[in-house]
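Visitor: Structure: entry.pdb, PDB, C-alpha atoms and all ligand atoms.
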ATOM      1  CA  MET A   8      18.684  -2.558 -10.171
ATOM      2  CA  LEU A   9      20.460  -3.004  -6.847
ATOM      3  CA  LYS A  10      20.146  -6.457  -5.351
ATOM      4  CA  ALA A  11      18.409  -6.110  -1.999
ATOM      5  CA  HIS A  12      19.828  -7.700   1.138
ATOM      6  CA  PRO A  13      17.486 -10.243   2.692
ATOM      7  CA  LEU A  14      15.702  -8.819   5.704
ATOM      8  CA  LYS A  15      17.229  -9.769   9.052
ATOM      9  CA  GLN A  16      15.167 -11.864  11.435
ATOM     10  CA  ALA A  17      15.038  -9.004  13.986
ATOM     11  CA  GLU A  18      13.745  -6.670  11.301
ATOM     12  CA  GLN A  19      11.003  -9.081  10.295
ATOM     13  CA  GLU A  20      10.009  -9.441  13.954
ATOM     14  CA  ARG A  21       9.810  -5.658  14.335
ATOM     15  CA  HIS A  22       7.613  -5.453  11.212
ATOM     16  CA  ASN A  23       5.435  -8.307  12.423
ATOM     17  CA  GLN A  24       4.809  -6.575  15.735
ATOM     18  CA  LEU A  25       3.986  -3.270  14.000
ATOM     19  CA  ILE A  26       1.435  -5.030  11.793
ATOM     20  CA  ARG A  27      -0.130  -6.798  14.799
ATOM     21  CA  ASP A  28      -0.275  -3.499  16.731
ATOM     22  CA  PHE A  29      -2.007  -1.791  13.816
ATOM     23  CA  PHE A  30      -4.697  -4.464  13.639
ATOM     24  CA  LYS A  31      -5.213  -4.555  17.394
ATOM     25  CA  GLU A  32      -5.271  -0.778  17.929
ATOM     26  CA  ILE A  33      -7.100   0.365  14.807
ATOM     27  CA  ARG A  34      -9.205  -2.595  13.706
ATOM     28  CA  GLY A  35      -9.678  -4.445  16.991
ATOM     29  CA  GLU A  36      -8.804  -7.767  15.355
ATOM     30  CA  GLU A  37      -5.916 -10.222  14.948
ATOM     31  CA  PRO A  38      -4.588 -11.065  11.498
ATOM     32  CA  THR A  39      -4.857 -14.754  10.627
ATOM     33  CA  SER A  40      -1.437 -14.752   8.979
ATOM     34  CA  ILE A  41       1.451 -12.427   8.099
ATOM     35  CA  VAL A  42       3.821 -13.737   5.429
ATOM     36  CA  LEU A  43       6.899 -12.020   3.980
ATOM     37  CA  HIS A  44       6.013 -11.318   0.340
ATOM     38  CA  GLY A  45       9.163  -9.565  -0.858
ATOM     39  CA  ASN A  46      11.684  -6.941  -0.003
ATOM     40  CA  GLY A  47      13.725  -4.316  -1.778
ATOM     41  CA  GLN A  48      16.376  -1.889  -0.611
ATOM     42  CA  GLU A  49      14.297  -0.101   1.940
ATOM     43  CA  LYS A  50      11.102  -1.981   2.681
ATOM     44  CA  GLY A  51       9.728  -5.280   3.861
ATOM     45  CA  ILE A  52       6.497  -6.260   2.103
ATOM     46  CA  TYR A  53       4.041  -8.625   3.834
ATOM     47  CA  LYS A  54       0.867 -10.357   2.737
ATOM     48  CA  VAL A  55      -1.577 -10.039   5.631
ATOM     49  CA  VAL A  56      -4.701 -12.178   5.777
ATOM     50  CA  THR A  57      -7.595 -11.379   8.123
ATOM     51  CA  PRO A  58     -10.901 -13.259   8.444
ATOM     52  CA  THR A  59     -12.435 -10.811   5.945
ATOM     53  CA  GLU A  60      -9.682  -9.656   3.547
ATOM     54  CA  GLN A  61      -6.159  -9.871   2.138
ATOM     55  CA  LEU A  62      -3.896  -6.837   2.404
ATOM     56  CA  LEU A  63      -0.354  -5.875   1.636
ATOM     57  CA  ALA A  64       1.663  -4.160   4.396
ATOM     58  CA  ALA A  65       4.874  -2.230   3.651
ATOM     59  CA  ALA A  66       7.235  -1.546   6.568
ATOM     60  CA  GLY A  67      10.458   0.468   6.414
ATOM     61  CA  SER A  68      13.729  -1.368   6.883
ATOM     62  CA  ILE A  69      17.295  -0.503   7.921
ATOM     63  CA  ASP A  70      16.981   3.244   8.301
ATOM     64  CA  LEU A  71      14.179   4.029  10.750
ATOM     65  CA  SER A  72      14.355   7.694   9.811
ATOM     66  CA  ARG A  73      12.981   6.746   6.383
ATOM     67  CA  LYS A  74       9.300   7.069   7.092
ATOM     68  CA  LEU A  75       6.696   5.640   4.756
ATOM     69  CA  LEU A  76       4.141   8.453   5.108
ATOM     70  CA  PRO A  77       5.418  10.297   1.977
ATOM     71  CA  GLU A  78       5.069   7.081  -0.037
ATOM     72  CA  TYR A  79       1.564   6.489   1.309
ATOM     73  CA  ASN A  80       0.580  10.086   0.480
ATOM     74  CA  LEU A  81       1.968   9.756  -3.040
ATOM     75  CA  LEU A  82       0.099   6.476  -3.537
ATOM     76  CA  ASN A  83      -3.109   8.272  -2.538
ATOM     77  CA  ILE A  84      -2.483  11.013  -5.104
ATOM     78  CA  LEU A  85      -1.596   8.595  -7.910
ATOM     79  CA  HIS A  86      -4.441   6.188  -7.137
ATOM     80  CA  THR A  87      -6.993   9.019  -6.993
ATOM     81  CA  SER A  88      -5.925  10.263 -10.451
ATOM     82  CA  ALA A  89      -5.302   6.897 -12.167
ATOM     83  CA  PRO A  90      -7.073   4.230 -10.067
ATOM     84  CA  LYS A  91      -6.750   1.460 -12.654
ATOM     85  CA  PHE A  92      -2.963   1.496 -12.494
ATOM     86  CA  PHE A  93      -2.168   1.420  -8.762
ATOM     87  CA  PRO A  94      -3.117  -0.662  -5.728
ATOM     88  CA  ARG A  95      -5.749   1.007  -3.545
ATOM     89  CA  PRO A  96      -4.161   2.615  -0.473
ATOM     90  CA  ILE A  97      -5.816   1.520   2.780
ATOM     91  CA  ALA A  98      -4.112   3.054   5.834
ATOM     92  CA  HIS A  99      -0.921   4.508   7.241
ATOM     93  CA  TYR A 100       0.094   3.611  10.798
ATOM     94  CA  ALA A 101       2.687   5.257  13.006
ATOM     95  CA  PRO A 102       2.768   4.058  16.643
ATOM     96  CA  LYS A 103       3.545   6.567  19.415
ATOM     97  CA  ASP A 104       7.149   5.361  19.456
ATOM     98  CA  ALA A 105       7.556   5.414  15.637
ATOM     99  CA  ASN A 106      11.039   6.936  15.954
ATOM    100  CA  SER A 107      12.378   3.684  17.345
ATOM    101  CA  ARG A 108       9.965   1.259  15.636
ATOM    102  CA  GLY A 109       9.261   2.786  12.227
ATOM    103  CA  ASP A 110       5.889   3.159  10.522
ATOM    104  CA  LEU A 111       3.919   1.139   7.998
ATOM    105  CA  PHE A 112       1.222   1.466   5.394
ATOM    106  CA  LEU A 113      -1.346  -0.916   4.021
ATOM    107  CA  MET A 114      -2.777  -1.270   0.558
ATOM    108  CA  GLU A 115      -4.869  -3.603  -1.545
ATOM    109  CA  PHE A 116      -3.197  -6.971  -2.175
ATOM    110  CA  LEU A 117      -3.035  -7.369  -5.957
ATOM    111  CA  PRO A 118      -3.344 -10.734  -7.703
ATOM    112  CA  HIS A 119      -0.711  -9.454 -10.178
ATOM    113  CA  VAL A 120       2.872 -10.748 -10.431
ATOM    114  CA  ASP A 121       6.205  -9.125 -11.348
ATOM    115  CA  VAL A 122       6.296  -8.422 -15.071
ATOM    116  CA  ASP A 123       9.187 -10.778 -15.913
ATOM    117  CA  TYR A 124       7.669 -13.627 -13.918
ATOM    118  CA  ILE A 125       5.200 -14.573 -16.654
ATOM    119  CA  LYS A 126       6.430 -17.215 -19.049
ATOM    120  CA  PRO A 127       4.522 -16.308 -22.203
ATOM    121  CA  SER A 128       4.804 -19.722 -23.829
ATOM    122  CA  ASP A 129       2.398 -20.982 -21.172
ATOM    123  CA  PHE A 130      -0.287 -18.656 -22.432
ATOM    124  CA  GLN A 131       0.207 -17.311 -25.920
ATOM    125  CA  LYS A 132       2.419 -17.209 -28.953
ATOM    126  CA  GLN A 133       5.617 -15.643 -27.566
ATOM    127  CA  GLY A 134       5.961 -12.723 -29.991
ATOM    128  CA  GLY A 135       2.312 -11.840 -29.509
ATOM    129  CA  TYR A 136       2.715 -11.698 -25.755
ATOM    130  CA  PHE A 137       5.692  -9.337 -25.819
ATOM    131  CA  ARG A 138       4.087  -7.112 -28.455
ATOM    132  CA  ASN A 139       0.961  -6.836 -26.321
ATOM    133  CA  LEU A 140       3.033  -6.174 -23.222
ATOM    134  CA  ALA A 141       4.934  -3.329 -24.953
ATOM    135  CA  TYR A 142       1.554  -1.872 -26.032
ATOM    136  CA  GLU A 143      -0.040  -2.144 -22.577
ATOM    137  CA  ILE A 144       2.998  -0.635 -20.863
ATOM    138  CA  GLY A 145       2.921   2.251 -23.380
ATOM    139  CA  ARG A 146      -0.804   2.763 -22.784
ATOM    140  CA  GLY A 147      -0.413   2.670 -18.981
ATOM    141  CA  VAL A 148       2.600   4.979 -18.999
ATOM    142  CA  ALA A 149       0.731   7.557 -21.130
ATOM    143  CA  ILE A 150      -2.477   7.468 -19.060
ATOM    144  CA  VAL A 151      -0.594   7.721 -15.752
ATOM    145  CA  ASN A 152       1.591  10.530 -17.112
ATOM    146  CA  TYR A 153      -1.339  12.540 -18.504
ATOM    147  CA  LYS A 154      -3.408  12.116 -15.368
ATOM    148  CA  THR A 155      -0.694  12.619 -12.741
ATOM    149  CA  GLY A 156       2.233  14.455 -14.411
ATOM    150  CA  ARG A 157       4.513  11.673 -13.122
ATOM    151  CA  PHE A 158       6.358   8.656 -14.427
ATOM    152  CA  SER A 159       8.120   5.580 -13.057
ATOM    153  CA  SER A 160      11.828   6.344 -12.869
ATOM    154  CA  GLU A 161      12.577   2.650 -12.168
ATOM    155  CA  PRO A 162      10.279   0.660 -14.467
ATOM    156  CA  HIS A 163      12.074  -2.641 -13.891
ATOM    157  CA  ASP A 164      10.716  -6.059 -13.018
ATOM    158  CA  GLY A 165       9.060  -5.840  -9.608
ATOM    159  CA  ASN A 166       7.869  -2.259 -10.054
ATOM    160  CA  ILE A 167       5.517  -3.189 -12.898
ATOM    161  CA  LEU A 168       3.078  -5.980 -12.109
ATOM    162  CA  VAL A 169       0.923  -7.875 -14.589
ATOM    163  CA  LYS A 170      -2.137 -10.098 -14.607
ATOM    164  CA  LEU A 171      -3.366 -12.085 -17.575
ATOM    165  CA  THR A 172      -7.098 -11.975 -18.195
ATOM    166  CA  ASN A 173      -9.351 -13.412 -20.896
ATOM    167  CA  GLU A 174      -7.603 -16.772 -20.767
ATOM    168  CA  GLY A 175      -4.211 -15.190 -21.329
ATOM    169  CA  GLN A 176      -5.307 -12.993 -24.225
ATOM    170  CA  ALA A 177      -5.333  -9.667 -22.367
ATOM    171  CA  ILE A 178      -2.782  -8.079 -20.042
ATOM    172  CA  ASP A 179      -3.638  -5.862 -17.089
ATOM    173  CA  ILE A 180      -0.750  -3.830 -15.678
ATOM    174  CA  LYS A 181      -0.201  -2.051 -12.359
ATOM    175  CA  PHE A 182       2.639   0.059 -11.018
ATOM    176  CA  CYS A 183       4.021  -0.238  -7.483
ATOM    177  CA  ASP A 184       6.838   1.160  -5.338
ATOM    178  CA  VAL A 185       5.441   4.640  -6.003
ATOM    179  CA  ILE A 186       8.150   6.562  -4.157
ATOM    180  CA  GLN A 187      10.221   6.270  -7.338
ATOM    181  CA  PHE A 188       7.571   8.118  -9.399
ATOM    182  CA  ARG A 189       8.985  11.491 -10.483
ATOM    183  CA  GLN A 190       7.468  14.575 -12.042
ATOM    184  CA  GLY A 191       8.070  14.815 -15.776
ATOM    185  CA  ASN A 192       6.484  14.686 -19.200
ATOM    186  CA  LEU A 193       5.818  11.847 -21.624
ATOM    187  CA  GLU A 194       9.310  12.061 -23.061
ATOM    188  CA  ASP A 195      10.825  11.638 -19.574
ATOM    189  CA  ALA A 196       8.512   8.647 -19.052
ATOM    190  CA  ALA A 197       9.514   6.994 -22.337
ATOM    191  CA  GLN A 198      13.181   7.747 -21.767
ATOM    192  CA  SER A 199      13.181   5.960 -18.434
ATOM    193  CA  ILE A 200      11.750   2.876 -20.219
ATOM    194  CA  LEU A 201      14.018   3.011 -23.275
ATOM    195  CA  GLU A 202      17.356   4.504 -22.204
ATOM    196  CA  ASP A 203      18.656   1.103 -21.161
ATOM    197  CA  LYS A 204      17.531  -1.600 -23.582
ATOM    198  CA  PHE A 205      17.644  -4.203 -20.805
ATOM    199  CA  MET A 206      15.296  -2.193 -18.561
ATOM    200  CA  ARG A 207      12.111  -3.071 -20.484
ATOM    201  CA  PRO A 208      13.381  -5.188 -23.354
ATOM    202  CA  GLU A 209       9.931  -5.764 -24.914
ATOM    203  CA  CYS A 210       9.304  -1.993 -25.190
ATOM    204  CA  PHE A 211      12.723  -1.497 -26.756
ATOM    205  CA  ARG A 212      12.284  -4.397 -29.153
ATOM    206  CA  PHE A 213       8.661  -3.679 -30.107
ATOM    207  CA  ILE A 214       8.988   0.088 -30.041
ATOM    208  CA  GLY A 215       6.269   0.453 -32.703
ATOM    209  CA  LYS A 216       3.796  -1.305 -30.387
ATOM    210  CA  PHE A 217       5.046   0.725 -27.442
ATOM    211  CA  ARG A 218       4.322   3.894 -29.450
ATOM    212  CA  LYS A 219       0.847   2.644 -30.410
ATOM    213  CA  GLY A 220       0.178   2.089 -26.710
ATOM    214  CA  LEU A 221       1.348   5.602 -25.854
ATOM    215  CA  VAL A 222      -0.888   7.031 -28.601
ATOM    216  CA  GLN A 223      -3.866   4.957 -27.410
ATOM    217  CA  GLY A 224      -3.291   6.046 -23.788
ATOM    218  CA  MET A 225      -3.170   9.686 -24.868
ATOM    219  CA  SER A 226      -6.339   9.309 -26.935
ATOM    220  CA  GLU A 227      -8.081   7.881 -23.844
ATOM    221  CA  CYS A 228      -7.041  11.112 -22.115
ATOM    222  CA  GLY A 229      -8.615  13.260 -24.843
ATOM    223  CA  VAL A 230      -5.599  13.924 -27.091
ATOM    224  CA  ASN A 231      -6.423  13.594 -30.810
ATOM    225  CA  TYR A 232      -4.524  11.136 -33.009
ATOM    226  CA  ASP A 233      -2.408  13.675 -34.953
ATOM    227  CA  GLU A 234      -1.349  15.415 -31.771
ATOM    228  CA  ALA A 235      -0.555  12.092 -30.087
ATOM    229  CA  MET A 236       1.620  11.087 -33.069
ATOM    230  CA  GLN A 237       3.331  14.470 -32.900
ATOM    231  CA  ASN A 238       3.897  14.035 -29.148
ATOM    232  CA  THR A 239       5.675  10.725 -29.776
ATOM    233  CA  GLU A 240       7.919  11.889 -32.657
ATOM    234  CA  PHE A 241      10.833  11.985 -30.205
ATOM    235  CA  LEU A 242      10.843   8.143 -30.256
ATOM    236  CA  LYS A 243      12.624   8.335 -33.618
ATOM    237  CA  GLN A 244      15.847   8.976 -31.729
ATOM    238  CA  TYR A 245      15.576   5.364 -30.487
ATOM    239  CA  ASN A 246      14.566   3.831 -33.809
ATOM    240  CA  ALA A 247      14.645   5.600 -37.170
ATOM    241  CA  ILE A 248      12.079   3.141 -38.640
ATOM    242  CA  LEU A 249       9.389   4.889 -36.626
TER     243      LEU A 249
HETATM  244  N1  LIG B 301      -0.086  -4.142  -3.786
HETATM  245  C1  LIG B 301       0.660  -5.212  -4.064
HETATM  246  N2  LIG B 301       0.087  -6.442  -4.209
HETATM  247  C2  LIG B 301       0.845  -7.549  -4.453
HETATM  248  N3  LIG B 301       2.187  -7.547  -4.554
HETATM  249  C3  LIG B 301       2.829  -6.359  -4.405
HETATM  250  C4  LIG B 301       2.097  -5.132  -4.169
HETATM  251  N4  LIG B 301       3.006  -4.123  -4.054
HETATM  252  C5  LIG B 301       4.214  -4.696  -4.205
HETATM  253  N5  LIG B 301       4.125  -6.019  -4.419
HETATM  254  C6  LIG B 301       5.239  -6.990  -4.587
HETATM  255  O1  LIG B 301       6.217  -6.702  -3.595
HETATM  256  C7  LIG B 301       7.470  -6.381  -4.199
HETATM  257  C8  LIG B 301       8.181  -5.282  -3.436
HETATM  258  O2  LIG B 301       7.362  -4.111  -3.406
HETATM  259  P1  LIG B 301       7.955  -2.663  -3.724
HETATM  260  O3  LIG B 301       8.528  -2.669  -5.107
HETATM  261  O4  LIG B 301       6.897  -1.666  -3.375
HETATM  262  O5  LIG B 301       9.045  -2.534  -2.628
HETATM  263  P2  LIG B 301      10.617  -2.500  -2.675
HETATM  264  O6  LIG B 301      11.144  -2.798  -4.047
HETATM  265  O7  LIG B 301      10.998  -3.304  -1.518
HETATM  266  O8  LIG B 301      10.820  -1.001  -2.374
HETATM  267  P3  LIG B 301      12.144  -0.190  -2.137
HETATM  268  O9  LIG B 301      12.909  -0.280  -3.444
HETATM  269  O10 LIG B 301      11.556   1.184  -1.842
HETATM  270  O11 LIG B 301      12.830  -0.824  -1.001
HETATM  271  C9  LIG B 301       7.106  -5.976  -5.621
HETATM  272  O12 LIG B 301       8.205  -6.172  -6.475
HETATM  273  C10 LIG B 301       5.925  -6.871  -5.935
HETATM  274  O13 LIG B 301       6.362  -8.158  -6.323
HETATM  275 MG    MG B 302      10.407  -2.283  -5.980
END
Hey, can you dump this file as structure tokens for me?

Guide:
Amino acid sequence: MLKAHPLKQAEQERHNQLIRDFFKEIRGEEPTSIVLHGNGQEKGIYKVVTPTEQLLAAAGSIDLSRKLLPEYNLLNILHTSAPKFFPRPIAHYAPKDANSRGDLFLMEFLPHVDVDYIKPSDFQKQGGYFRNLAYEIGRGVAIVNYKTGRFSSEPHDGNILVKLTNEGQAIDIKFCDVIQFRQGNLEDAAQSILEDKFMRPECFRFIGKFRKGLVQGMSECGVNYDEAMQNTEFLKQYNAIL
């Protein structure tokens, strides 16, 4: 994963103004606060609070020719097909002078955090947490792949978000940064998770649980157990014990 450069002050000001313009022009209201929430290679991400809701705004950085409309459109497609695994898209905004100011899109602000942020000892027995995480990632990957024909090509920390529910006993996962979702089958999806053992270490380490999650996800999409096992035979190349 490339380390992102911090956003320059001027860039943050440009984003801030875009967000304010969106709210003024489209919603006829002023946000109560706009706070930088994170940034990667190509976007600034802001938590925006209004009197009635919390939203997440993504604004393009550095290269103004990189417009965010394709990412917004892809989020709509993915969210429509697998709504439990993506933030809800809200709006795309391009001002008249978008060529010099860039565009932005807004989505639901999730209460989830980056997957490696959670310190499992705070919640559960460590091994149990990572086993469950491998299972839930497998399940999510299979459901998203069966419903959308796509997979996360960069499933690293920051692109998978988690929330603990049931007093830390259950894990809810979401995917973000959808522009990196590519077309491919389940094997492509699993390969992107397993090809580098540091990418998703819990899935690599607890590959049996990861497989169970994939099988469960497939069964939720109507695939029978024998077929789901057959469809995951390729995992043996990563671990002969399977
Ligand atoms: N809907 C959301 N709700 C809450 N937090 C989010 C949401 N979407 C993203 N985040 C947080 O913001 C961070 C950056 O978002 P994202 O991964 O989409 O952008 P990025 O990595 O900057 O993208 P790029 O690599 O295209 O520059 C994520 O790692 C995550 O912590
Ligand atoms: Mg990202």

Visitor: Taking all atoms listed in the file into account, produce a table as a tab-separated table in which each residue of chain A with an atom at most 9 Å from an atom of ligand LIG 301 (chain B) appears once, together with its shortest atom pair and the distance in Å to one decimal, ordered by chain and rising number.

Guide:
residue	atom	partner	partner_atom	distance
A:Leu9	CA	B:LIG301	O9	8.7
A:Ala11	CA	B:LIG301	O11	7.8
A:His44	CA	B:LIG301	O1	6.1
A:Gly45	CA	B:LIG301	C7	4.9
A:Asn46	CA	B:LIG301	O7	4.0
A:Gly47	CA	B:LIG301	O7	2.9
A:Gln48	CA	B:LIG301	O11	3.7
A:Glu49	CA	B:LIG301	O11	3.4
A:Lys50	CA	B:LIG301	O11	4.2
A:Gly51	CA	B:LIG301	O7	5.9
A:Ile52	CA	B:LIG301	O1	5.7
A:Tyr53	CA	B:LIG301	O1	8.0
A:Lys54	CA	B:LIG301	C2	7.7
A:Leu62	CA	B:LIG301	N2	7.7
A:Leu63	CA	B:LIG301	N1	5.7
A:Ala64	CA	B:LIG301	N1	8.4
A:Ala65	CA	B:LIG301	O4	7.3
A:Gly67	CA	B:LIG301	O11	7.9
A:Ser68	CA	B:LIG301	O11	8.0
A:Glu78	CA	B:LIG301	O10	9.0
A:Phe93	CA	B:LIG301	N1	7.7
A:Pro94	CA	B:LIG301	N1	5.0
A:Arg95	CA	B:LIG301	N1	7.7
A:Pro96	CA	B:LIG301	N1	8.6
A:Leu113	CA	B:LIG301	N1	8.5
A:Met114	CA	B:LIG301	N1	5.9
A:Glu115	CA	B:LIG301	N1	5.3
A:Phe116	CA	B:LIG301	N2	3.9
A:Leu117	CA	B:LIG301	N2	3.7
A:Pro118	CA	B:LIG301	C2	6.2
A:His119	CA	B:LIG301	C2	6.2
A:Val120	CA	B:LIG301	O13	6.0
A:Asp121	CA	B:LIG301	O13	5.1
A:Val122	CA	B:LIG301	O13	8.8
A:Asp164	CA	B:LIG301	O12	7.0
A:Gly165	CA	B:LIG301	O12	3.3
A:Asn166	CA	B:LIG301	O3	5.0
A:Ile167	CA	B:LIG301	O12	7.6
A:Leu168	CA	B:LIG301	C10	6.9
A:Lys181	CA	B:LIG301	N1	8.8
A:Phe182	CA	B:LIG301	N4	8.1
A:Cys183	CA	B:LIG301	O4	5.2
A:Asp184	CA	B:LIG301	O4	3.4
A:Val185	CA	B:LIG301	O4	7.0
A:Ile186	CA	B:LIG301	O10	6.8
A:Gln187	CA	B:LIG301	O10	7.6

Visitor: Give the answer as one residue: which of A:His99, A:Arg212, A:Lys219, A:Lys170 has the shortest atom-to-atom distance to A:Met236, using all atoms listed in the file?

Guide: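 Among the listed residues, the smallest separation from A:Met236 belongs to A:Lys219.
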
Visitor: Residues proximal to (10.3, -7.5, -19.2) were defined as those with any atom within 12 Å of that point in the file's coordinates, counting all atoms listed in the file. Which are they, as a PyMOL selection string?

Guide: chain A and resi 120-127+136-141+144+162-169+200-201+204-213

Visitor: Identify which of the residues A:Ser40, A:Gln61, A:Val151, A:Glu161 lies closest to ligand MG 302 (chain B), counting all atoms listed in the file when measuring atom-to-atom distances.

Guide: A:Glu161

Visitor: Nearest residue to ligand MG 302 (chain B) out of A:Ser159, A:Gly220, A:Ile33, A:His86, using all atoms listed in the file?

Guide: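 Ranking A:Ser159, A:Gly220, A:Ile33, A:His86 by distance to ligand MG 302 (chain B), first place goes to A:Ser159.
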
Visitor: Nearest to ligand MG 302 (chain B) among A:Phe241, A:Phe217, A:Tyr232, A:Phe188, with distances taken over only C-alpha atoms and all ligand atoms: which residue is it?

Guide: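 Closest to ligand MG 302 (chain B) of all the choices is A:Phe188.
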
Visitor: Compare A:Gly215, A:Phe29, A:Lys15, A:Asp104 by their minimum atom-to-atom distance to A:Ala247, counting only C-alpha atoms, and give me the closest one.

Guide: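 Among A:Gly215, A:Phe29, A:Lys15, A:Asp104, it is A:Gly215 that comes nearest to A:Ala247.
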
Visitor: Hey, which of A:Leu82, A:Leu242, A:Ser88, A:Arg27 ends up closest to A:Val55? Count only C-alpha atoms.

Guide: A:Arg27

Visitor: Please indicate the distance in Å from atom CA of A:Glu202 to atom CA of A:Gly145, rounded to one decimal place.

Guide: 14.7 Å

Visitor: What would the list of residues within 12 Å of (-4.6, 11.6, -18.2) (file frame) look like as number ranges by chain, if only C-alpha atoms are what count?

Guide: A: 85, 87-92, 146-158, 192-193, 221-230

Visitor: Go ahead and compute the interatomic distance for atom CA of A:Ala98 and atom CA of A:Gln19, in Å to one decimal.

Guide: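 Here the two named atoms are 19.9 Å from each other.
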
Visitor: Measure the distance from atom CA of A:Asn246 to atom CA of A:Arg218 in Å and round it to one decimal.

Guide: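 One can read the atom CA of A:Asn246 to atom CA of A:Arg218 distance as 11.1 Å.
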